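A.B. asks: Supplied structure: start-v3.cif, mmCIF, N, CA and C atoms.
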```
data_upload
loop_
_atom_site.label_atom_id
_atom_site.label_comp_id
_atom_site.auth_asym_id
_atom_site.auth_seq_id
_atom_site.Cartn_x
_atom_site.Cartn_y
_atom_site.Cartn_z
N MET A 756 -13.03 46.63 93.29
CA MET A 756 -11.64 46.51 92.89
C MET A 756 -10.80 46.28 94.14
N PRO A 757 -9.95 45.25 94.15
CA PRO A 757 -9.15 44.97 95.34
C PRO A 757 -8.19 46.12 95.67
N LYS A 758 -8.06 46.37 96.94
CA LYS A 758 -7.09 47.36 97.40
C LYS A 758 -6.32 46.74 98.54
N THR A 759 -5.12 47.23 98.74
CA THR A 759 -4.24 46.70 99.76
C THR A 759 -3.86 47.79 100.73
N GLN A 760 -4.03 47.50 102.00
CA GLN A 760 -3.62 48.44 103.05
C GLN A 760 -2.11 48.31 103.23
N ILE A 761 -1.43 49.44 103.25
CA ILE A 761 0.02 49.47 103.44
C ILE A 761 0.31 50.08 104.80
N THR A 762 1.12 49.37 105.58
CA THR A 762 1.62 49.90 106.85
C THR A 762 3.12 49.66 106.88
N SER A 763 3.79 50.42 107.70
CA SER A 763 5.24 50.28 107.83
C SER A 763 5.61 50.33 109.30
N GLU A 764 6.50 49.45 109.69
CA GLU A 764 6.99 49.47 111.06
C GLU A 764 7.83 50.72 111.33
N LYS A 765 8.23 51.42 110.27
CA LYS A 765 9.02 52.64 110.42
C LYS A 765 8.14 53.86 110.68
N ILE A 766 6.83 53.67 110.60
CA ILE A 766 5.86 54.74 110.86
C ILE A 766 4.99 54.30 112.02
N GLY A 767 4.67 55.22 112.90
CA GLY A 767 3.80 54.88 114.03
C GLY A 767 2.47 54.31 113.56
N LYS A 768 1.88 53.44 114.39
CA LYS A 768 0.59 52.83 114.08
C LYS A 768 -0.46 53.93 113.88
N PRO A 769 -1.35 53.80 112.87
CA PRO A 769 -2.38 54.79 112.68
C PRO A 769 -3.20 55.01 113.95
N SER A 770 -3.51 56.25 114.26
CA SER A 770 -4.25 56.58 115.48
C SER A 770 -5.75 56.46 115.30
N GLY A 771 -6.20 56.21 114.09
CA GLY A 771 -7.62 56.05 113.80
C GLY A 771 -7.81 54.96 112.77
N HIS A 772 -8.98 54.95 112.14
CA HIS A 772 -9.31 53.92 111.17
C HIS A 772 -8.91 54.39 109.77
N PHE A 773 -7.62 54.21 109.45
CA PHE A 773 -7.10 54.57 108.14
C PHE A 773 -5.80 53.82 107.90
N SER A 774 -5.36 53.82 106.67
CA SER A 774 -4.11 53.18 106.27
C SER A 774 -3.02 54.22 106.10
N HIS A 775 -1.77 53.81 106.31
CA HIS A 775 -0.66 54.71 105.97
C HIS A 775 -0.71 55.02 104.48
N ALA A 776 -1.02 54.01 103.71
CA ALA A 776 -1.15 54.14 102.26
C ALA A 776 -2.08 53.04 101.77
N THR A 777 -2.63 53.24 100.59
CA THR A 777 -3.51 52.26 99.99
C THR A 777 -3.05 52.03 98.56
N VAL A 778 -2.89 50.76 98.19
CA VAL A 778 -2.51 50.42 96.83
C VAL A 778 -3.75 49.88 96.12
N VAL A 779 -4.02 50.44 94.93
CA VAL A 779 -5.13 50.00 94.11
C VAL A 779 -4.58 49.77 92.71
N GLU A 780 -4.89 48.61 92.13
CA GLU A 780 -4.48 48.38 90.76
C GLU A 780 -5.19 49.41 89.89
N ALA A 781 -4.45 50.10 89.05
CA ALA A 781 -4.98 51.26 88.32
C ALA A 781 -5.71 50.86 87.04
N ARG A 782 -6.74 50.03 87.21
CA ARG A 782 -7.64 49.73 86.10
C ARG A 782 -9.03 50.10 86.55
N GLY A 783 -9.75 50.76 85.73
CA GLY A 783 -11.10 51.17 86.11
C GLY A 783 -11.25 52.66 85.95
N ARG A 784 -12.24 53.18 86.66
CA ARG A 784 -12.54 54.60 86.57
C ARG A 784 -12.25 55.28 87.90
N LEU A 785 -11.59 56.42 87.83
CA LEU A 785 -11.37 57.22 89.03
C LEU A 785 -12.64 58.02 89.29
N VAL A 786 -13.10 57.99 90.53
CA VAL A 786 -14.28 58.75 90.92
C VAL A 786 -13.86 59.72 92.01
N PHE A 787 -14.05 61.00 91.76
CA PHE A 787 -13.70 62.05 92.71
C PHE A 787 -15.00 62.56 93.33
N ILE A 788 -15.17 62.32 94.61
CA ILE A 788 -16.39 62.69 95.31
C ILE A 788 -16.17 64.00 96.05
N SER A 789 -16.98 64.98 95.74
CA SER A 789 -16.88 66.29 96.38
C SER A 789 -17.10 66.19 97.88
N GLY A 790 -16.70 67.24 98.57
CA GLY A 790 -16.92 67.28 100.01
C GLY A 790 -18.39 67.14 100.34
N MET A 791 -18.70 66.16 101.18
CA MET A 791 -20.08 65.89 101.58
C MET A 791 -20.29 66.37 103.01
N LEU A 792 -21.32 67.18 103.20
CA LEU A 792 -21.75 67.58 104.53
C LEU A 792 -22.82 66.59 104.99
N ALA A 793 -23.30 66.77 106.21
CA ALA A 793 -24.33 65.90 106.77
C ALA A 793 -25.71 66.38 106.36
N LYS A 794 -25.90 66.61 105.07
CA LYS A 794 -27.20 67.07 104.57
C LYS A 794 -28.04 65.88 104.15
N GLY A 795 -29.30 65.90 104.59
CA GLY A 795 -30.25 64.89 104.17
C GLY A 795 -30.79 65.23 102.79
N PRO A 796 -31.69 64.39 102.27
CA PRO A 796 -32.27 64.63 100.95
C PRO A 796 -32.99 65.98 100.83
N ASP A 797 -33.43 66.53 101.96
CA ASP A 797 -34.11 67.82 101.93
C ASP A 797 -33.15 69.00 101.93
N GLY A 798 -31.84 68.72 101.96
CA GLY A 798 -30.82 69.76 101.93
C GLY A 798 -30.51 70.37 103.28
N LYS A 799 -31.14 69.87 104.33
CA LYS A 799 -30.91 70.39 105.68
C LYS A 799 -29.91 69.51 106.43
N ILE A 800 -29.14 70.13 107.31
CA ILE A 800 -28.17 69.39 108.11
C ILE A 800 -28.90 68.44 109.06
N VAL A 801 -28.47 67.20 109.06
CA VAL A 801 -28.99 66.17 109.95
C VAL A 801 -28.15 66.18 111.22
N GLY A 802 -28.78 66.03 112.37
CA GLY A 802 -28.03 65.89 113.62
C GLY A 802 -27.29 67.14 114.05
N VAL A 803 -27.93 68.29 114.00
CA VAL A 803 -27.28 69.53 114.42
C VAL A 803 -26.74 69.34 115.85
N GLY A 804 -25.43 69.60 116.01
CA GLY A 804 -24.78 69.48 117.30
C GLY A 804 -24.37 68.08 117.69
N ASP A 805 -24.62 67.07 116.84
CA ASP A 805 -24.35 65.66 117.16
C ASP A 805 -23.35 65.09 116.15
N ILE A 806 -22.09 64.98 116.56
CA ILE A 806 -21.04 64.54 115.62
C ILE A 806 -21.27 63.12 115.13
N GLU A 807 -21.80 62.22 115.95
CA GLU A 807 -22.02 60.85 115.49
C GLU A 807 -23.09 60.82 114.39
N ARG A 808 -24.20 61.48 114.61
CA ARG A 808 -25.26 61.50 113.59
C ARG A 808 -24.78 62.18 112.32
N GLN A 809 -24.01 63.25 112.46
CA GLN A 809 -23.50 63.92 111.26
C GLN A 809 -22.50 63.04 110.52
N THR A 810 -21.67 62.32 111.25
CA THR A 810 -20.70 61.45 110.59
C THR A 810 -21.40 60.32 109.85
N VAL A 811 -22.44 59.76 110.46
CA VAL A 811 -23.24 58.72 109.79
C VAL A 811 -23.82 59.29 108.49
N GLN A 812 -24.40 60.49 108.54
CA GLN A 812 -25.00 61.07 107.34
C GLN A 812 -23.95 61.35 106.27
N VAL A 813 -22.80 61.86 106.69
CA VAL A 813 -21.71 62.09 105.73
C VAL A 813 -21.30 60.79 105.06
N CYS A 814 -21.13 59.73 105.85
CA CYS A 814 -20.76 58.43 105.27
C CYS A 814 -21.85 57.90 104.34
N GLU A 815 -23.11 58.10 104.72
CA GLU A 815 -24.21 57.69 103.84
C GLU A 815 -24.18 58.48 102.53
N ASN A 816 -23.86 59.76 102.60
CA ASN A 816 -23.79 60.58 101.39
C ASN A 816 -22.64 60.15 100.49
N VAL A 817 -21.48 59.87 101.09
CA VAL A 817 -20.34 59.38 100.31
C VAL A 817 -20.70 58.03 99.68
N LYS A 818 -21.34 57.17 100.47
CA LYS A 818 -21.76 55.86 99.97
C LYS A 818 -22.72 56.02 98.78
N SER A 819 -23.69 56.92 98.90
CA SER A 819 -24.64 57.15 97.80
C SER A 819 -23.93 57.65 96.55
N ALA A 820 -22.95 58.53 96.71
CA ALA A 820 -22.22 59.07 95.56
C ALA A 820 -21.42 57.99 94.86
N VAL A 821 -20.69 57.17 95.62
CA VAL A 821 -19.88 56.13 94.98
C VAL A 821 -20.78 55.06 94.35
N GLU A 822 -21.90 54.76 94.97
CA GLU A 822 -22.83 53.80 94.37
C GLU A 822 -23.44 54.34 93.08
N ALA A 823 -23.73 55.64 93.04
CA ALA A 823 -24.25 56.24 91.81
C ALA A 823 -23.24 56.16 90.67
N ALA A 824 -21.96 56.07 91.03
CA ALA A 824 -20.90 55.94 90.02
C ALA A 824 -20.61 54.48 89.70
N GLY A 825 -21.38 53.56 90.29
CA GLY A 825 -21.20 52.14 89.99
C GLY A 825 -20.27 51.40 90.94
N GLY A 826 -19.91 52.02 92.06
CA GLY A 826 -18.97 51.38 92.98
C GLY A 826 -19.58 51.14 94.35
N THR A 827 -18.70 50.82 95.29
CA THR A 827 -19.08 50.60 96.68
C THR A 827 -18.07 51.31 97.58
N LEU A 828 -18.35 51.33 98.86
CA LEU A 828 -17.40 51.93 99.80
C LEU A 828 -16.06 51.21 99.77
N ASP A 829 -16.05 49.93 99.41
CA ASP A 829 -14.78 49.19 99.31
C ASP A 829 -13.89 49.74 98.21
N ASP A 830 -14.45 50.49 97.26
CA ASP A 830 -13.67 51.07 96.16
C ASP A 830 -12.99 52.38 96.55
N ILE A 831 -13.35 52.93 97.69
CA ILE A 831 -12.77 54.21 98.11
C ILE A 831 -11.37 53.97 98.65
N CYS A 832 -10.41 54.69 98.06
CA CYS A 832 -9.01 54.50 98.45
C CYS A 832 -8.45 55.69 99.24
N ARG A 833 -9.16 56.82 99.24
CA ARG A 833 -8.69 58.00 99.99
C ARG A 833 -9.87 58.85 100.41
N VAL A 834 -9.79 59.37 101.63
CA VAL A 834 -10.76 60.36 102.10
C VAL A 834 -10.00 61.53 102.72
N ASP A 835 -10.58 62.71 102.58
CA ASP A 835 -10.11 63.91 103.27
C ASP A 835 -11.27 64.37 104.13
N VAL A 836 -10.99 64.59 105.41
CA VAL A 836 -12.03 64.91 106.38
C VAL A 836 -11.70 66.24 107.04
N PHE A 837 -12.69 67.11 107.07
CA PHE A 837 -12.56 68.40 107.72
C PHE A 837 -13.54 68.43 108.88
N VAL A 838 -13.05 68.79 110.05
CA VAL A 838 -13.89 68.79 111.25
C VAL A 838 -13.81 70.13 111.96
N ARG A 839 -14.85 70.47 112.66
CA ARG A 839 -14.86 71.70 113.44
C ARG A 839 -14.14 71.52 114.77
N ASN A 840 -14.04 70.28 115.26
CA ASN A 840 -13.44 70.04 116.57
C ASN A 840 -12.69 68.70 116.54
N MET A 841 -11.37 68.76 116.62
CA MET A 841 -10.56 67.54 116.58
C MET A 841 -10.83 66.64 117.79
N GLU A 842 -11.46 67.17 118.83
CA GLU A 842 -11.82 66.34 119.98
C GLU A 842 -12.83 65.26 119.59
N HIS A 843 -13.45 65.38 118.43
CA HIS A 843 -14.42 64.39 117.95
C HIS A 843 -13.75 63.22 117.22
N PHE A 844 -12.42 63.21 117.17
CA PHE A 844 -11.66 62.22 116.40
C PHE A 844 -12.13 60.79 116.69
N ASP A 845 -12.19 60.40 117.96
CA ASP A 845 -12.54 59.01 118.30
C ASP A 845 -13.96 58.67 117.87
N ALA A 846 -14.91 59.58 118.08
CA ALA A 846 -16.30 59.32 117.69
C ALA A 846 -16.43 59.18 116.18
N ILE A 847 -15.71 60.01 115.45
CA ILE A 847 -15.74 59.95 113.98
C ILE A 847 -15.18 58.61 113.50
N HIS A 848 -14.07 58.19 114.07
CA HIS A 848 -13.45 56.93 113.62
C HIS A 848 -14.27 55.72 114.04
N ALA A 849 -15.02 55.82 115.13
CA ALA A 849 -15.92 54.72 115.50
C ALA A 849 -16.97 54.51 114.42
N VAL A 850 -17.51 55.61 113.89
CA VAL A 850 -18.48 55.51 112.79
C VAL A 850 -17.79 55.01 111.53
N ARG A 851 -16.63 55.53 111.22
CA ARG A 851 -15.92 55.10 110.00
C ARG A 851 -15.66 53.60 109.99
N ARG A 852 -15.38 53.01 111.15
CA ARG A 852 -15.15 51.57 111.22
C ARG A 852 -16.38 50.78 110.76
N ARG A 853 -17.56 51.32 110.97
CA ARG A 853 -18.80 50.65 110.55
C ARG A 853 -19.00 50.73 109.04
N TYR A 854 -18.45 51.75 108.40
CA TYR A 854 -18.65 51.95 106.96
C TYR A 854 -17.50 51.39 106.13
N PHE A 855 -16.29 51.58 106.57
CA PHE A 855 -15.12 51.12 105.81
C PHE A 855 -14.63 49.83 106.46
N THR A 856 -15.25 48.71 106.06
CA THR A 856 -15.02 47.43 106.73
C THR A 856 -13.89 46.61 106.11
N SER A 857 -13.50 46.93 104.89
CA SER A 857 -12.34 46.25 104.30
C SER A 857 -11.11 47.08 104.64
N ALA A 858 -10.05 46.94 103.87
CA ALA A 858 -8.86 47.76 104.11
C ALA A 858 -9.27 49.23 104.12
N PRO A 859 -9.02 49.94 105.21
CA PRO A 859 -9.48 51.32 105.28
C PRO A 859 -8.71 52.22 104.30
N PRO A 860 -9.35 53.29 103.85
CA PRO A 860 -8.68 54.18 102.91
C PRO A 860 -7.59 55.00 103.58
N ALA A 861 -6.66 55.48 102.77
CA ALA A 861 -5.72 56.49 103.25
C ALA A 861 -6.55 57.72 103.59
N SER A 862 -6.07 58.52 104.55
CA SER A 862 -6.92 59.59 105.05
C SER A 862 -6.13 60.75 105.60
N THR A 863 -6.73 61.93 105.49
CA THR A 863 -6.24 63.13 106.16
C THR A 863 -7.42 63.72 106.91
N MET A 864 -7.17 64.18 108.14
CA MET A 864 -8.20 64.88 108.90
C MET A 864 -7.62 66.20 109.38
N VAL A 865 -8.37 67.28 109.16
CA VAL A 865 -7.93 68.61 109.50
C VAL A 865 -9.06 69.34 110.24
N GLU A 866 -8.69 70.06 111.29
CA GLU A 866 -9.67 70.91 111.99
C GLU A 866 -9.74 72.26 111.29
N THR A 867 -10.96 72.73 111.10
CA THR A 867 -11.18 74.02 110.45
C THR A 867 -12.26 74.79 111.21
N PRO A 868 -12.10 76.09 111.33
CA PRO A 868 -13.08 76.85 112.12
C PRO A 868 -14.41 77.12 111.41
N LYS A 869 -14.42 77.09 110.09
CA LYS A 869 -15.65 77.41 109.36
C LYS A 869 -15.87 76.43 108.21
N MET A 870 -17.16 76.21 107.92
CA MET A 870 -17.56 75.42 106.77
C MET A 870 -18.63 76.21 106.04
N THR A 871 -19.12 75.69 104.94
CA THR A 871 -20.10 76.42 104.15
C THR A 871 -21.45 76.55 104.84
N THR A 872 -21.70 75.70 105.81
CA THR A 872 -22.94 75.74 106.59
C THR A 872 -22.56 75.79 108.06
N PRO A 873 -23.03 76.78 108.80
CA PRO A 873 -22.62 76.93 110.20
C PRO A 873 -22.91 75.71 111.09
N GLU A 874 -23.96 74.94 110.79
CA GLU A 874 -24.31 73.79 111.61
C GLU A 874 -23.45 72.57 111.32
N ALA A 875 -22.68 72.59 110.24
CA ALA A 875 -21.87 71.44 109.84
C ALA A 875 -20.70 71.25 110.80
N LEU A 876 -20.53 70.02 111.28
CA LEU A 876 -19.42 69.66 112.15
C LEU A 876 -18.35 68.87 111.42
N ILE A 877 -18.69 68.31 110.24
CA ILE A 877 -17.78 67.44 109.51
C ILE A 877 -18.08 67.52 108.01
N GLU A 878 -17.03 67.38 107.21
CA GLU A 878 -17.16 67.29 105.76
C GLU A 878 -16.15 66.25 105.28
N MET A 879 -16.54 65.43 104.32
CA MET A 879 -15.64 64.38 103.79
C MET A 879 -15.69 64.36 102.28
N SER A 880 -14.52 64.39 101.65
CA SER A 880 -14.40 64.14 100.23
C SER A 880 -13.71 62.79 100.05
N ALA A 881 -13.81 62.21 98.87
CA ALA A 881 -13.26 60.87 98.67
C ALA A 881 -12.80 60.66 97.23
N ILE A 882 -11.92 59.69 97.08
CA ILE A 882 -11.48 59.23 95.76
C ILE A 882 -11.67 57.72 95.74
N ALA A 883 -12.29 57.24 94.68
CA ALA A 883 -12.52 55.80 94.51
C ALA A 883 -11.97 55.37 93.16
N VAL A 884 -11.64 54.09 93.08
CA VAL A 884 -11.31 53.45 91.80
C VAL A 884 -12.36 52.38 91.59
N VAL A 885 -13.22 52.59 90.59
CA VAL A 885 -14.34 51.70 90.33
C VAL A 885 -14.02 50.88 89.09
N GLN A 886 -14.13 49.58 89.23
CA GLN A 886 -13.83 48.67 88.12
C GLN A 886 -14.85 48.83 87.00
N ASP A 887 -14.37 48.81 85.76
CA ASP A 887 -15.26 48.89 84.60
C ASP A 887 -16.10 47.65 84.46
#
```
Written as structure tokens, that's how I'd like the structure from this file.

C.D. replies:
Amino acid sequence: MPKTQITSEKIGKPSGHFSHATVVEARGRLVFISGMLAKGPDGKIVGVGDIERQTVQVCENVKSAVEAAGGTLDDICRVDVFVRNMEHFDAIHAVRRRYFTSAPPASTMVETPKMTTPEALIEMSAIAVVQD
């Protein structure tokens, strides 16, 4: 489903790979993807201590979830990202650029001291609009 990246000269340029806002024509199915950790198929955290490997796994998990719902990463219009260390911002966005290659989704990133798994460095939830 086509989406449009919205930017405004009245708002500072995004500091990472995201849009100020994303417009999606509201036809199709809304898909709400739960927070994904960097867990592999065996349920164990991939890349303990490595933010790049964990971000790749998180993006792969989000990709798998949206594909299971009949969509693609291009259908994702919003992500919420929770990180243990905001100093990883640039590394995380470098990985996101490889996954979100069309108009990037609107996004929020927040640093948090704890997650459900102590080894987790990042968690991402997403919203997609998948065409029927």

A.B. asks: Select from stretch 813-857 of chain A everything DSSP, run on the backbone, classes as alpha helix (DSSP H), then give the selection as a ChimeraX atom specification.

C.D. replies: /A:813-823,844-854

A.B. asks: Find the residue from A:Met791, A:Ile882, A:Ile800, A:Ala776 that sits nearest to A:Thr759; use only C-alpha atoms when measuring.

C.D. replies: A:Ala776

A.B. asks: Kindly resolve the PyMOL selection byres (((chain A and resi 807-821 and name CA) around 7) and name CA) on the present coordinates and return the residues as a VMD selection string.

C.D. replies: chain A and resid 788 791 to 794 801 to 802 805 to 806 822 to 828 846 to 847 850 877 to 879

A.B. asks: Write out as an mmCIF file with N, CA and C atoms, in the frame of the given file all residues of stretch 758-820 of chain A that DSSP puts in strand (DSSP E) for this structure's backbone.

C.D. replies:
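Full text of part.cif as output:
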```cif
data_model
loop_
_atom_site.group_PDB
_atom_site.id
_atom_site.type_symbol
_atom_site.label_atom_id
_atom_site.label_comp_id
_atom_site.auth_asym_id
_atom_site.auth_seq_id
_atom_site.Cartn_x
_atom_site.Cartn_y
_atom_site.Cartn_z
ATOM 1 N N LYS A 758 -8.060 46.370 96.940
ATOM 2 C CA LYS A 758 -7.090 47.360 97.400
ATOM 3 C C LYS A 758 -6.320 46.740 98.540
ATOM 4 N N THR A 759 -5.120 47.230 98.740
ATOM 5 C CA THR A 759 -4.240 46.700 99.760
ATOM 6 C C THR A 759 -3.860 47.790 100.730
ATOM 7 N N GLN A 760 -4.030 47.500 102.000
ATOM 8 C CA GLN A 760 -3.620 48.440 103.050
ATOM 9 C C GLN A 760 -2.110 48.310 103.230
ATOM 10 N N ILE A 761 -1.430 49.440 103.250
ATOM 11 C CA ILE A 761 0.020 49.470 103.440
ATOM 12 C C ILE A 761 0.310 50.080 104.800
ATOM 13 N N ALA A 776 -1.020 54.010 103.710
ATOM 14 C CA ALA A 776 -1.150 54.140 102.260
ATOM 15 C C ALA A 776 -2.080 53.040 101.770
ATOM 16 N N THR A 777 -2.630 53.240 100.590
ATOM 17 C CA THR A 777 -3.510 52.260 99.990
ATOM 18 C C THR A 777 -3.050 52.030 98.560
ATOM 19 N N VAL A 778 -2.890 50.760 98.190
ATOM 20 C CA VAL A 778 -2.510 50.420 96.830
ATOM 21 C C VAL A 778 -3.750 49.880 96.120
ATOM 22 N N VAL A 779 -4.020 50.440 94.930
ATOM 23 C CA VAL A 779 -5.130 50.000 94.110
ATOM 24 C C VAL A 779 -4.580 49.770 92.710
ATOM 25 N N ARG A 784 -12.240 53.180 86.660
ATOM 26 C CA ARG A 784 -12.540 54.600 86.570
ATOM 27 C C ARG A 784 -12.250 55.280 87.900
ATOM 28 N N LEU A 785 -11.590 56.420 87.830
ATOM 29 C CA LEU A 785 -11.370 57.220 89.030
ATOM 30 C C LEU A 785 -12.640 58.020 89.290
ATOM 31 N N VAL A 786 -13.100 57.990 90.530
ATOM 32 C CA VAL A 786 -14.280 58.750 90.920
ATOM 33 C C VAL A 786 -13.860 59.720 92.010
ATOM 34 N N PHE A 787 -14.050 61.000 91.760
ATOM 35 C CA PHE A 787 -13.700 62.050 92.710
ATOM 36 C C PHE A 787 -15.000 62.560 93.330
ATOM 37 N N ILE A 788 -15.170 62.320 94.610
ATOM 38 C CA ILE A 788 -16.390 62.690 95.310
ATOM 39 C C ILE A 788 -16.170 64.000 96.050
ATOM 40 N N SER A 789 -16.980 64.980 95.740
ATOM 41 C CA SER A 789 -16.880 66.290 96.380
ATOM 42 C C SER A 789 -17.100 66.190 97.880
ATOM 43 N N GLY A 790 -16.700 67.240 98.570
ATOM 44 C CA GLY A 790 -16.920 67.280 100.010
ATOM 45 C C GLY A 790 -18.390 67.140 100.340
ATOM 46 N N MET A 791 -18.700 66.160 101.180
ATOM 47 C CA MET A 791 -20.080 65.890 101.580
ATOM 48 C C MET A 791 -20.290 66.370 103.010
#
```

A.B. asks: Looking at A:Asp887, A:His772, A:Arg833, A:Ser789, which one is nearest to A:Asp845, with distances taken over only C-alpha atoms?

C.D. replies: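 Closest to A:Asp845 of all the choices is A:His772.
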